[in-house]
file entry.csv (CSV, C-alpha atoms)
chain,number,residue,atom,x,y,z
I,1,MET,CA,24.8,-111.9,12.9
I,2,HIS,CA,25.7,-108.4,12.0
I,3,PRO,CA,25.3,-105.7,14.7
I,4,VAL,CA,22.0,-103.8,14.5
I,5,ASN,CA,22.5,-100.1,13.7
I,6,ALA,CA,21.1,-97.7,16.3
I,7,THR,CA,19.9,-95.4,13.5
I,8,PRO,CA,16.1,-95.6,13.0
I,9,ALA,CA,15.0,-97.8,10.1
I,10,PRO,CA,14.0,-95.8,7.0
I,11,LEU,CA,10.2,-96.5,7.3
I,12,THR,CA,10.0,-95.8,11.0
I,13,GLY,CA,6.8,-93.8,11.6
I,14,LEU,CA,4.9,-95.4,8.7
I,15,ARG,CA,1.8,-97.3,9.7
I,16,VAL,CA,0.5,-100.2,7.5
I,17,LEU,CA,-2.8,-102.1,8.0
I,18,ASP,CA,-2.4,-105.6,6.5
I,19,LEU,CA,-5.9,-106.9,5.7
I,20,ALA,CA,-4.6,-109.4,3.1
I,21,THR,CA,-4.3,-113.2,3.3
I,22,LEU,CA,-1.9,-115.8,1.9
I,23,PHE,CA,1.0,-114.4,0.1
I,24,ALA,CA,1.2,-111.4,-2.3
I,25,GLY,CA,-0.4,-108.8,-0.1
I,26,PRO,CA,1.0,-110.0,3.2
I,27,LEU,CA,4.5,-110.3,1.7
I,28,ALA,CA,4.4,-106.7,0.6
I,29,ALA,CA,3.5,-105.7,4.2
I,30,THR,CA,6.4,-107.9,5.5
I,31,MET,CA,8.8,-106.1,3.2
I,32,LEU,CA,7.6,-102.7,4.6
I,33,GLY,CA,7.8,-104.0,8.2
I,34,ASP,CA,11.4,-105.2,7.7
I,35,PHE,CA,12.5,-101.6,7.1
I,36,GLY,CA,10.7,-100.1,10.1
I,37,ALA,CA,7.1,-99.7,9.2
I,38,GLU,CA,4.6,-100.5,12.0
I,39,VAL,CA,2.5,-103.2,10.4
I,40,ILE,CA,-0.8,-104.2,12.0
I,41,LYS,CA,-2.0,-107.6,10.7
I,42,VAL,CA,-5.8,-107.6,10.8
I,43,GLU,CA,-7.3,-111.2,10.7
I,44,HIS,CA,-10.8,-112.6,10.9
I,45,PRO,CA,-11.5,-113.7,14.5
I,46,ARG,CA,-12.5,-117.2,13.5
I,47,LYS,CA,-10.8,-117.6,10.2
I,48,PRO,CA,-7.1,-116.6,10.5
I,49,ASP,CA,-4.8,-116.0,7.5
I,50,PRO,CA,-4.6,-119.5,5.9
I,51,SER,CA,-0.8,-119.1,5.6
I,52,ARG,CA,-0.7,-120.0,9.3
I,53,GLY,CA,-1.6,-123.5,8.3
I,54,HIS,CA,0.4,-123.8,5.1
I,55,GLY,CA,3.3,-126.3,5.0
I,56,PRO,CA,5.0,-128.0,8.0
I,57,SER,CA,4.3,-126.9,11.6
I,58,LYS,CA,6.2,-127.5,14.8
I,59,ASP,CA,4.3,-128.0,18.1
I,60,GLY,CA,1.1,-126.9,16.2
I,61,VAL,CA,2.7,-123.6,15.1
I,62,GLY,CA,2.9,-122.9,11.4
I,63,LEU,CA,6.5,-122.2,10.3
I,64,TRP,CA,5.6,-120.3,7.1
I,65,TRP,CA,3.7,-117.8,9.2
I,66,LYS,CA,6.8,-117.2,11.4
I,67,LEU,CA,8.4,-115.8,8.2
I,68,LEU,CA,5.5,-114.1,6.6
I,69,GLY,CA,4.2,-112.6,9.8
I,70,ARG,CA,7.4,-111.2,11.1
I,71,ASN,CA,7.6,-107.6,12.3
I,72,LYS,CA,3.8,-107.5,12.4
I,73,ARG,CA,1.5,-106.8,15.3
I,74,THR,CA,-1.6,-109.2,15.1
I,75,MET,CA,-5.2,-108.3,15.8
I,76,THR,CA,-8.6,-109.7,15.0
I,77,LEU,CA,-11.5,-107.8,13.5
I,78,ASP,CA,-14.6,-109.0,11.5
I,79,LEU,CA,-14.9,-106.3,8.9
I,80,SER,CA,-18.3,-107.5,7.9
I,81,THR,CA,-19.9,-106.4,11.2
I,82,PRO,CA,-20.9,-102.8,12.0
I,83,GLY,CA,-18.5,-102.6,14.9
I,84,GLY,CA,-15.7,-104.1,12.7
I,85,ARG,CA,-16.4,-101.5,10.0
I,86,THR,CA,-16.4,-98.6,12.5
I,87,THR,CA,-13.2,-99.8,14.2
I,88,LEU,CA,-11.4,-100.3,10.9
I,89,LEU,CA,-12.3,-96.8,9.8
I,90,ARG,CA,-10.9,-95.5,13.1
I,91,LEU,CA,-7.7,-97.5,12.5
I,92,ALA,CA,-7.5,-96.1,8.9
I,93,THR,CA,-7.4,-92.5,10.2
I,94,THR,CA,-4.2,-93.4,12.0
I,95,ALA,CA,-2.6,-95.3,9.1
I,96,ASP,CA,-0.6,-94.5,6.0
I,97,VAL,CA,-1.2,-97.6,4.0
I,98,VAL,CA,-3.9,-100.3,3.8
I,99,ILE,CA,-3.2,-103.5,1.9
I,100,GLU,CA,-6.1,-105.8,1.0
I,101,ASN,CA,-6.7,-108.7,-1.4
I,102,PHE,CA,-10.5,-109.4,-1.2
I,103,ARG,CA,-12.3,-110.0,-4.4
I,104,PRO,CA,-13.4,-106.7,-6.1
I,105,GLY,CA,-16.5,-105.3,-4.5
I,106,THR,CA,-16.1,-107.0,-1.2
I,107,LEU,CA,-14.8,-104.0,0.7
I,108,GLU,CA,-17.5,-101.9,-0.9
I,109,LYS,CA,-20.1,-104.3,0.3
I,110,TRP,CA,-18.9,-103.7,3.8
I,111,GLY,CA,-18.9,-99.9,3.5
I,112,LEU,CA,-15.1,-99.9,3.4
I,113,GLY,CA,-14.4,-99.1,-0.2
I,114,TRP,CA,-11.9,-96.5,-1.5
I,115,SER,CA,-14.5,-93.7,-1.2
I,116,ASP,CA,-15.1,-94.6,2.5
I,117,LEU,CA,-11.4,-95.1,3.4
I,118,SER,CA,-10.2,-91.9,1.6
I,119,ALA,CA,-13.0,-89.9,3.2
I,120,ALA,CA,-11.8,-91.1,6.6
I,121,ASN,CA,-8.2,-90.3,5.7
I,122,PRO,CA,-7.4,-88.4,2.5
I,123,ARG,CA,-3.7,-89.2,2.9
I,124,LEU,CA,-4.3,-93.0,2.9
I,125,VAL,CA,-2.7,-95.2,0.2
I,126,LEU,CA,-4.9,-98.3,-0.5
I,127,ALA,CA,-3.1,-101.2,-2.2
I,128,ARG,CA,-5.6,-103.6,-3.7
I,129,VAL,CA,-4.0,-107.0,-4.7
I,130,THR,CA,-6.1,-109.4,-6.7
I,131,ALA,CA,-5.5,-112.1,-9.2
I,132,PHE,CA,-6.9,-110.3,-12.2
I,133,GLY,CA,-7.2,-106.6,-11.2
I,134,GLN,CA,-10.2,-104.4,-10.2
I,135,TYR,CA,-12.0,-104.5,-13.6
I,136,GLY,CA,-12.2,-106.5,-16.8
I,137,PRO,CA,-13.9,-109.8,-17.8
I,138,TYR,CA,-12.0,-111.9,-15.2
I,139,ALA,CA,-12.0,-109.4,-12.3
I,140,HIS,CA,-14.6,-111.3,-10.2
I,141,ARG,CA,-13.2,-114.8,-10.8
I,142,PRO,CA,-11.4,-116.4,-7.8
I,143,GLY,CA,-7.7,-116.7,-8.6
I,144,PHE,CA,-4.4,-117.6,-7.2
I,145,GLY,CA,-0.7,-117.2,-8.2
I,146,THR,CA,-0.8,-120.6,-9.9
I,147,LEU,CA,-3.3,-119.2,-12.5
I,148,ALA,CA,-1.0,-116.3,-13.2
I,149,GLU,CA,1.9,-118.6,-13.7
I,150,ALA,CA,-0.2,-120.4,-16.3
I,151,MET,CA,-1.9,-117.4,-17.9
I,152,SER,CA,1.2,-115.2,-18.2
I,153,GLY,CA,3.2,-117.6,-20.4
I,154,PHE,CA,5.6,-118.7,-17.7
I,155,ALA,CA,4.4,-122.4,-17.6
I,156,SER,CA,4.4,-122.7,-21.4
I,157,ILE,CA,8.1,-122.0,-21.6
I,158,THR,CA,9.1,-124.0,-18.5
I,159,GLY,CA,10.0,-127.6,-18.7
I,160,GLU,CA,11.5,-130.0,-21.3
I,161,PRO,CA,10.4,-129.6,-24.9
I,162,ASP,CA,8.6,-133.0,-25.0
I,163,ALA,CA,7.2,-132.7,-21.5
I,164,PRO,CA,4.1,-130.9,-20.2
I,165,PRO,CA,4.2,-127.2,-19.2
I,166,THR,CA,5.6,-126.9,-15.7
I,167,LEU,CA,4.3,-124.8,-12.8
I,168,PRO,CA,6.8,-123.7,-10.0
I,169,PRO,CA,6.5,-125.7,-6.7
I,170,PHE,CA,6.3,-122.4,-4.8
I,171,GLY,CA,4.5,-119.1,-4.9
I,172,LEU,CA,6.4,-117.4,-7.7
I,173,ALA,CA,3.7,-115.1,-9.2
I,174,ASP,CA,2.5,-114.2,-5.7
I,175,SER,CA,6.0,-113.4,-4.5
I,176,ILE,CA,6.8,-111.2,-7.6
I,177,ALA,CA,3.5,-109.4,-7.0
I,178,GLY,CA,4.3,-109.0,-3.3
I,179,LEU,CA,7.6,-107.3,-4.1
I,180,THR,CA,6.0,-105.2,-6.8
I,181,THR,CA,3.3,-104.1,-4.4
I,182,ALA,CA,5.9,-102.9,-1.9
I,183,TYR,CA,7.4,-100.9,-4.7
I,184,ALA,CA,4.0,-99.5,-5.7
I,185,VAL,CA,3.3,-98.5,-2.1
I,186,MET,CA,6.6,-96.6,-1.9
I,187,THR,CA,5.9,-94.9,-5.2
I,188,ALA,CA,2.4,-93.8,-4.0
I,189,LEU,CA,4.0,-92.5,-0.8
I,190,ALA,CA,6.6,-90.6,-2.8
I,191,ALA,CA,3.7,-89.0,-4.8
I,192,ARG,CA,2.0,-88.1,-1.5
I,193,GLU,CA,5.0,-86.1,-0.5
I,194,ARG,CA,4.2,-83.7,-3.3
I,195,THR,CA,0.4,-83.8,-3.4
I,196,SER,CA,-0.4,-84.5,0.3
I,197,GLU,CA,-3.0,-87.0,-1.0
I,198,GLY,CA,-3.1,-90.7,-1.0
I,199,GLN,CA,-4.3,-92.9,-3.9
I,200,MET,CA,-5.4,-96.4,-4.8
I,201,ILE,CA,-3.1,-99.0,-6.2
I,202,ASP,CA,-4.6,-101.7,-8.5
I,203,MET,CA,-2.2,-104.6,-8.4
I,204,ALA,CA,-3.1,-107.7,-10.5
I,205,ILE,CA,-1.0,-110.8,-9.8
I,206,ILE,CA,-1.1,-111.7,-13.5
I,207,GLU,CA,0.9,-108.6,-14.5
I,208,PRO,CA,4.3,-108.5,-12.7
I,209,ILE,CA,5.2,-112.0,-13.7
I,210,LEU,CA,4.6,-111.0,-17.3
I,211,THR,CA,7.1,-108.2,-16.8
I,212,VAL,CA,9.8,-110.5,-15.5
I,213,LEU,CA,9.3,-112.8,-18.5
I,214,GLY,CA,11.0,-110.2,-20.6
I,215,PRO,CA,10.5,-109.2,-24.2
I,216,GLN,CA,8.2,-112.1,-25.3
I,217,PRO,CA,5.3,-109.7,-26.3
I,218,LEU,CA,7.8,-107.6,-28.3
I,219,TRP,CA,9.2,-110.6,-30.1
I,220,TYR,CA,5.7,-111.8,-31.0
I,221,ASP,CA,4.5,-108.4,-32.0
I,222,GLN,CA,7.5,-107.6,-34.3
I,223,LEU,CA,8.6,-111.1,-35.5
I,224,GLY,CA,5.7,-113.5,-34.7
I,225,HIS,CA,8.2,-115.3,-32.5
I,226,VAL,CA,6.8,-117.6,-29.8
I,227,GLN,CA,9.4,-118.8,-27.3
I,228,PRO,CA,9.3,-122.7,-27.1
I,229,ARG,CA,10.1,-124.9,-24.1
I,230,THR,CA,13.8,-125.6,-24.1
I,231,GLY,CA,14.4,-127.2,-20.6
I,232,ASN,CA,17.6,-125.8,-19.1
I,233,ARG,CA,18.8,-124.5,-22.4
I,234,THR,CA,18.3,-121.1,-23.8
I,235,GLN,CA,18.2,-119.8,-27.4
I,236,ASN,CA,20.6,-117.0,-26.4
I,237,ASN,CA,23.8,-118.9,-25.5
I,238,ALA,CA,25.4,-122.3,-24.9
I,239,PRO,CA,26.6,-124.2,-23.1
I,240,ARG,CA,23.9,-123.4,-20.5
I,241,ASN,CA,22.6,-126.4,-18.5
I,242,THR,CA,22.9,-128.5,-15.4
I,243,TYR,CA,25.5,-131.2,-15.5
I,244,ARG,CA,26.0,-134.3,-13.2
I,245,THR,CA,29.4,-134.6,-11.5
I,246,ALA,CA,31.4,-137.8,-10.8
I,247,ASP,CA,30.1,-137.9,-7.2
I,248,GLY,CA,26.5,-137.8,-8.3
I,249,ARG,CA,25.9,-134.2,-7.6
I,250,TRP,CA,24.9,-131.3,-10.0
I,251,VAL,CA,26.3,-128.0,-11.1
I,252,ALA,CA,24.9,-125.2,-13.3
I,253,VAL,CA,27.0,-123.6,-16.0
I,254,SER,CA,26.2,-120.3,-17.9
I,255,THR,CA,28.1,-118.7,-20.7
I,256,SER,CA,26.2,-115.4,-21.3
I,257,ALA,CA,29.5,-113.7,-22.1
I,258,GLN,CA,31.5,-114.8,-25.1
I,259,SER,CA,34.8,-114.7,-23.2
I,260,VAL,CA,33.3,-117.1,-20.5
I,261,ALA,CA,32.1,-119.5,-23.2
I,262,GLU,CA,35.7,-119.6,-24.6
I,263,ARG,CA,37.2,-120.2,-21.2
I,264,VAL,CA,34.7,-123.1,-20.4
I,265,ILE,CA,35.4,-124.9,-23.7
I,266,ARG,CA,39.2,-124.6,-23.2
I,267,LEU,CA,38.8,-125.8,-19.7
I,268,VAL,CA,37.0,-129.0,-20.7
I,269,GLY,CA,39.7,-129.8,-23.3
I,270,ARG,CA,37.9,-128.9,-26.5
I,271,PRO,CA,39.7,-125.7,-27.6
I,272,GLU,CA,39.2,-126.6,-31.3
I,273,LEU,CA,35.5,-125.8,-30.9
I,274,THR,CA,36.3,-122.1,-30.3
I,275,ALA,CA,37.6,-121.9,-33.9
I,276,GLU,CA,34.2,-123.0,-35.4
I,277,PRO,CA,32.5,-120.2,-37.2
I,278,TRP,CA,29.3,-120.8,-35.2
I,279,PHE,CA,31.1,-120.3,-31.9
I,280,ALA,CA,31.4,-116.6,-32.4
I,281,THR,CA,27.9,-115.6,-31.1
I,282,GLY,CA,25.6,-116.9,-28.3
I,283,ALA,CA,22.7,-117.5,-30.6
I,284,ASP,CA,24.8,-119.6,-33.0
I,285,ARG,CA,26.3,-121.5,-30.1
I,286,ALA,CA,22.8,-122.2,-28.9
I,287,ARG,CA,22.0,-123.9,-32.2
I,288,HIS,CA,24.9,-126.3,-31.5
I,289,ALA,CA,24.0,-127.0,-27.9
I,290,ASP,CA,24.2,-130.8,-28.3
I,291,VAL,CA,27.9,-130.6,-29.2
I,292,LEU,CA,28.7,-128.2,-26.4
I,293,ASP,CA,26.6,-130.0,-23.8
I,294,GLU,CA,28.4,-133.2,-24.7
I,295,ALA,CA,31.8,-131.6,-24.4
I,296,VAL,CA,31.1,-129.9,-21.1
I,297,GLY,CA,29.0,-132.8,-19.6
I,298,ALA,CA,31.6,-135.4,-20.4
I,299,TRP,CA,34.3,-133.5,-18.7
I,300,ILE,CA,32.2,-132.6,-15.6
I,301,ALA,CA,31.1,-136.3,-15.3
I,302,ARG,CA,34.8,-137.2,-14.7
I,303,HIS,CA,35.2,-134.8,-11.8
I,304,THR,CA,33.7,-134.4,-8.4
I,305,ARG,CA,31.6,-131.3,-7.7
I,306,GLU,CA,34.4,-129.8,-5.6
I,307,GLU,CA,36.9,-130.3,-8.4
I,308,VAL,CA,34.6,-128.8,-11.0
I,309,ILE,CA,34.0,-125.7,-9.0
I,310,ALA,CA,37.7,-125.3,-8.2
I,311,ALA,CA,38.7,-125.7,-11.8
I,312,PHE,CA,36.0,-123.3,-13.1
I,313,GLU,CA,36.9,-120.7,-10.5
I,314,LYS,CA,40.6,-120.9,-11.5
I,315,ALA,CA,39.6,-120.5,-15.1
I,316,GLU,CA,37.3,-117.6,-14.3
I,317,ALA,CA,34.3,-119.5,-15.8
I,318,ALA,CA,30.8,-119.2,-14.4
I,319,VAL,CA,29.6,-122.2,-12.4
I,320,ALA,CA,27.5,-122.8,-9.3
I,321,PRO,CA,26.5,-125.9,-7.4
I,322,VAL,CA,22.8,-126.9,-7.6
I,323,GLN,CA,22.1,-126.6,-3.9
I,324,ASP,CA,19.2,-127.8,-1.8
I,325,VAL,CA,18.2,-126.0,1.4
I,326,ARG,CA,20.8,-128.0,3.4
I,327,ASP,CA,23.6,-126.6,1.2
I,328,VAL,CA,22.1,-123.1,1.3
I,329,MET,CA,22.1,-123.1,5.1
I,330,ARG,CA,25.9,-123.5,5.1
I,331,ASP,CA,26.9,-121.7,1.9
I,332,PRO,CA,29.8,-119.4,2.7
I,333,GLN,CA,28.7,-116.6,0.4
I,334,TYR,CA,25.2,-116.5,2.0
I,335,GLU,CA,27.0,-116.6,5.4
I,336,ALA,CA,29.2,-113.7,4.5
I,337,LEU,CA,26.2,-111.6,3.4
I,338,GLY,CA,24.1,-112.5,6.4
I,339,THR,CA,21.4,-113.7,4.1
I,340,LEU,CA,20.1,-116.1,6.7
I,341,THR,CA,19.7,-114.9,10.3
I,342,THR,CA,18.5,-116.2,13.6
I,343,VAL,CA,15.4,-114.7,15.2
I,344,ASP,CA,14.6,-115.5,18.9
I,345,ASP,CA,10.9,-116.5,19.1
I,346,PRO,CA,9.0,-116.9,22.4
I,347,GLU,CA,6.9,-119.8,21.0
I,348,LEU,CA,9.6,-121.9,19.3
I,349,GLY,CA,13.0,-120.6,20.4
I,350,PRO,CA,15.7,-119.6,17.9
I,351,LEU,CA,14.5,-119.6,14.3
I,352,ARG,CA,16.7,-119.4,11.2
I,353,MET,CA,15.1,-117.6,8.3
I,354,GLN,CA,15.9,-115.3,5.4
I,355,ASN,CA,17.1,-111.9,6.5
I,356,VAL,CA,15.8,-108.5,5.2
I,357,LEU,CA,15.8,-108.3,1.4
I,358,PHE,CA,18.7,-105.9,0.9
I,359,ARG,CA,21.4,-104.1,2.9
I,360,LEU,CA,21.3,-100.3,3.4
I,361,SER,CA,24.6,-98.8,4.5
I,362,SER,CA,23.1,-96.1,6.7
I,363,THR,CA,19.5,-97.1,7.7
I,364,PRO,CA,19.4,-100.9,7.6
I,365,GLY,CA,16.2,-102.9,8.2
I,366,ALA,CA,15.9,-105.6,10.9
I,367,ILE,CA,13.7,-108.5,12.0
I,368,ARG,CA,12.4,-107.5,15.4
I,369,TRP,CA,10.2,-110.5,15.9
I,370,ALA,CA,8.9,-113.6,14.0
I,371,GLY,CA,5.2,-114.1,13.3
I,372,ARG,CA,3.0,-113.7,16.4
I,373,PRO,CA,0.0,-115.7,17.5
I,374,HIS,CA,-3.4,-114.9,16.1
I,375,GLY,CA,-4.9,-111.8,17.7
I,376,ALA,CA,-1.9,-111.4,20.1
I,377,ASP,CA,-2.0,-107.6,20.0
I,378,THR,CA,-5.8,-106.9,19.6
I,379,GLU,CA,-6.4,-105.3,22.9
I,380,ALA,CA,-3.1,-103.3,22.9
I,381,VAL,CA,-3.8,-101.8,19.4
I,382,LEU,CA,-7.4,-100.9,20.2
I,383,ALA,CA,-6.5,-99.4,23.6
I,384,GLU,CA,-3.9,-97.2,21.8
I,385,LEU,CA,-6.8,-96.2,19.5
I,386,GLY,CA,-8.7,-95.0,22.5
I,387,LEU,CA,-11.2,-97.8,22.9
I,388,THR,CA,-12.3,-98.6,26.4
I,389,GLU,CA,-12.9,-101.9,28.1
I,390,ALA,CA,-16.7,-101.3,27.5
I,391,ASP,CA,-16.0,-100.7,23.8
I,392,LEU,CA,-14.0,-103.9,23.6
I,393,ALA,CA,-16.8,-105.8,25.4
I,394,ALA,CA,-19.4,-104.5,23.0
I,395,LEU,CA,-17.2,-105.6,20.0
I,396,ARG,CA,-16.7,-109.0,21.5
I,397,ALA,CA,-20.5,-109.4,22.1
I,398,GLU,CA,-21.1,-108.5,18.4
I,399,GLY,CA,-18.5,-111.1,17.3
I,400,ALA,CA,-16.4,-108.3,15.8
I,401,LEU,CA,-13.2,-109.3,17.7
call {"tool": "encode", "arguments": {"input": "entry.csv", "output": "C-alpha cells"}}
result
Amino acid sequence: MHPVNATPAPLTGLRVLDLATLFAGPLAATMLGDFGAEVIKVEHPRKPDPSRGHGPSKDGVGLWWKLLGRNKRTMTLDLSTPGGRTTLLRLATTADVVIENFRPGTLEKWGLGWSDLSAANPRLVLARVTAFGQYGPYAHRPGFGTLAEAMSGFASITGEPDAPPTLPPFGLADSIAGLTTAYAVMTALAARERTSEGQMIDMAIIEPILTVLGPQPLWYDQLGHVQPRTGNRTQNNAPRNTYRTADGRWVAVSTSAQSVAERVIRLVGRPELTAEPWFATGADRARHADVLDEAVGAWIARHTREEVIAAFEKAEAAVAPVQDVRDVMRDPQYEALGTLTTVDDPELGPLRMQNVLFRLSSTPGAIRWAGRPHGADTEAVLAELGLTEADLAALRAEGAL
C-alpha cells in the first residue's frame, strides 16, 4: 500500500447526500467520497439500498455494498413522512450536492422537488439519475441499466455474428452513468464558483453509454452504415482477437497501429503477408481477418501463454493475457499501480478491493472505510444537525427513522 498523503483530499469540505439506490447514483457518490467529500447515505429505515443484498455475502454481510458504500456515513430516513421531509430539507441546507434516482415526480410528490430543495439552499446541486431522463415518452417507465445496454445499440453489436445480441454480465451502463454523474456534479460545482447558484442535473442512463459507443450515429447519418456484430473482430484492423495458447489459456492481440501489425505477422513467421497490397491499411486487413487469424492463431496454439507474452514483448507487439479475477489479484502491473488495496473493516476484517479511480500527485484520494451497516450514523448525523433526543424520539414514533 502506498503511504497516505497528509495533504487534505481535493473534495474535503464538500457535503453530498446520497439518496440513490443500486448503482449509477450511488457510484457517483462513491467517486466523490473517494476524493474527500463527506457523503451521507440516506436509506429507507425498512428498505435498505438493494445493493446490500446483491451478489455473494459473508457472514450475512453483502460484499458489493462494502465497495459501493465505502467512504459513506449511513443514516435512515423515510422521505415520504412529514418528519422525513422536514429533516431532509434541514440536511439539504448543510449540503452541496444531492444525488437521487427516484422515478420522475416522486420527490415532487413528497414536497422535495427541485423548487423545494433550491428554496431551502440556493447553492445546492441536485443530480437526478434515471433510466430515461426527466421528460419524454419513456420518462415514467421503470428502467435499469440492462435496458440502456439494449436500447443504446450496445447489445446489437456485441456477440458473434450468428449468435443473439449479448448483454454484459455486470452493470456497464449504470457504471458509465455513475462516472458521468460524478463529472456532471463537478461541472455544476465549477459553475457555482462563478454564479454562486446551484442547478439541477438531468442524467439519463441511456445517454452516456451511447457516447462511449463512438461515431455510430454519425456513420449512419452520413453513410447509412449500421455496425454489425463481429465477435472479437473489428472492421478497423486485424489481427484483433482472442487466441488459445498451447497450455489451454487465452491471450488477446490488437494491431491498431500498422507497425504493430507488421511486427505481429513477422513474429508468427508469415512475413510474406506484409507484402500483400491489402496489408497496408487496417480496414483492408480486417477484410482478410480469416487469413490473419489463422496465421496468428496457429502460432499461438504452439506456445504456452508465458512464451507468447514473452515473445510479443520482445517484438514490441501488443498482447495481454485474458485474465480472470484470480489473475487480476496478482498481476504485477496492477500491483505496481496500487490498483487493488486492502481496507480494514470492523465487520469482516481486511478487505481487498479496487482503489480510488486515479492517482493525483498532490492531493490524492483515499478509502477511509468500507461500507458501513444500515443506519450506523443516523443519530450522529442528526445530532450534528441540532436535533435533540426528543426530536429523534418523535421521528422514530412517526416511523421516519
call {"tool": "residues_around", "arguments": {"input": "entry.csv", "residues": "Ser196 in chain I", "least_positions_apart": "6", "cutoff": "12 Å", "atoms": "all atoms listed in the file", "output": "list in words"}}
result
Asp96, Asn121, Pro122, Arg123, Leu124, Val125, Ala188, Leu189 and Ala190 of chain I
call {"tool": "atom_distance", "arguments": {"input": "entry.csv", "atom1": "CA of Pro373 in chain I", "atom2": "CA of Val61 in chain I"}}
result
8.7 Å
call {"tool": "closest_residue", "arguments": {"input": "entry.csv", "among": "I:Pro332, I:Ile209, I:Gly83, I:Leu337", "to": "Gly111 in chain I", "atoms": "only C-alpha atoms"}}
result
I:Gly83
call {"tool": "closest_residue", "arguments": {"input": "entry.csv", "among": "I:Glu347, I:Glu398, I:Glu38, I:Glu160", "to": "Ala370 in chain I", "atoms": "all atoms listed in the file"}}
result
I:Glu347
call {"tool": "residues_around", "arguments": {"input": "entry.csv", "residues": "Thr93 in chain I", "least_positions_apart": "4", "cutoff": "12 Å", "atoms": "only C-alpha atoms", "output": "PyMOL selection string"}}
result
chain I and resi 15-17+86-89+97-98+116-125+385
call {"tool": "closest_residue", "arguments": {"input": "entry.csv", "among": "I:Asp174, I:Glu193, I:Thr158, I:Asp202", "to": "Leu126 in chain I", "atoms": "all atoms listed in the file"}}
result
I:Asp202
call {"tool": "atom_distance", "arguments": {"input": "entry.csv", "atom1": "CA of Thr388 in chain I", "atom2": "CA of Leu19 in chain I"}}
result
23.2 Å
call {"tool": "atom_distance", "arguments": {"input": "entry.csv", "atom1": "CA of Glu307 in chain I", "atom2": "CA of Val322 in chain I"}}
result
14.5 Å
call {"tool": "residues_around", "arguments": {"input": "entry.csv", "residues": "Pro271 in chain I", "least_positions_apart": "5", "cutoff": "8 Å", "atoms": "all atoms listed in the file", "output": "list in words"}}
result
Glu262, Ile265 and Arg266 of chain I
call {"tool": "residues_near_point", "arguments": {"input": "entry.csv", "point": "(-1.0, -107.7, 12.0)", "cutoff": "7 Å", "atoms": "only C-alpha atoms", "output": "list in words"}}
result
Asp18, Val39, Ile40, Lys41, Val42, Lys72, Arg73, Thr74 and Met75 of chain I
call {"tool": "residues_near_point", "arguments": {"input": "entry.csv", "point": "(7.8, -122.2, -4.3)", "cutoff": "12 Å", "atoms": "all atoms listed in the file", "output": "list in words"}}
result
Phe23, Gly55, Trp64, Gly145, Thr146, Glu149, Leu167, Pro168, Pro169, Phe170, Gly171, Leu172, Ala173, Asp174, Ser175 and Ile176 of chain I
call {"tool": "decode", "arguments": {"input": "entry.csv", "residues": "range 124-128 of chain I", "atoms": "all heavy atoms", "output": "mmCIF file, in the first residue's frame"}}
result
data_model
loop_
_atom_site.group_PDB
_atom_site.id
_atom_site.type_symbol
_atom_site.label_atom_id
_atom_site.label_comp_id
_atom_site.auth_asym_id
_atom_site.auth_seq_id
_atom_site.Cartn_x
_atom_site.Cartn_y
_atom_site.Cartn_z
ATOM 1 N N LEU I 124 -27.421 24.601 -3.779
ATOM 2 C CA LEU I 124 -27.442 23.141 -3.890
ATOM 3 C C LEU I 124 -27.399 22.682 -5.351
ATOM 4 O O LEU I 124 -28.049 23.266 -6.223
ATOM 5 C CB LEU I 124 -28.714 22.604 -3.231
ATOM 6 C CG LEU I 124 -28.781 21.098 -3.013
ATOM 7 C CD1 LEU I 124 -27.809 20.657 -1.932
ATOM 8 C CD2 LEU I 124 -30.209 20.689 -2.640
ATOM 9 N N VAL I 125 -26.631 21.614 -5.595
ATOM 10 C CA VAL I 125 -26.643 20.928 -6.885
ATOM 11 C C VAL I 125 -27.435 19.638 -6.698
ATOM 12 O O VAL I 125 -27.124 18.835 -5.812
ATOM 13 C CB VAL I 125 -25.208 20.611 -7.361
ATOM 14 C CG1 VAL I 125 -25.226 19.662 -8.565
ATOM 15 C CG2 VAL I 125 -24.466 21.892 -7.699
ATOM 16 N N LEU I 126 -28.464 19.434 -7.507
ATOM 17 C CA LEU I 126 -29.294 18.227 -7.443
ATOM 18 C C LEU I 126 -29.044 17.385 -8.686
ATOM 19 O O LEU I 126 -29.339 17.818 -9.804
ATOM 20 C CB LEU I 126 -30.784 18.598 -7.350
ATOM 21 C CG LEU I 126 -31.774 17.423 -7.443
ATOM 22 C CD1 LEU I 126 -31.595 16.460 -6.276
ATOM 23 C CD2 LEU I 126 -33.214 17.937 -7.510
ATOM 24 N N ALA I 127 -28.479 16.196 -8.490
ATOM 25 C CA ALA I 127 -28.248 15.272 -9.604
ATOM 26 C C ALA I 127 -29.363 14.232 -9.612
ATOM 27 O O ALA I 127 -29.529 13.475 -8.657
ATOM 28 C CB ALA I 127 -26.889 14.592 -9.459
ATOM 29 N N ARG I 128 -30.117 14.232 -10.699
ATOM 30 C CA ARG I 128 -31.253 13.312 -10.838
ATOM 31 C C ARG I 128 -30.869 12.244 -11.867
ATOM 32 O O ARG I 128 -30.684 12.547 -13.045
ATOM 33 C CB ARG I 128 -32.504 14.078 -11.249
ATOM 34 C CG ARG I 128 -32.714 15.360 -10.456
ATOM 35 C CD ARG I 128 -34.115 15.928 -10.604
ATOM 36 N NE ARG I 128 -35.077 15.149 -9.826
ATOM 37 C CZ ARG I 128 -36.321 15.555 -9.576
ATOM 38 N NH1 ARG I 128 -36.751 16.722 -10.047
ATOM 39 N NH2 ARG I 128 -37.141 14.806 -8.872
#
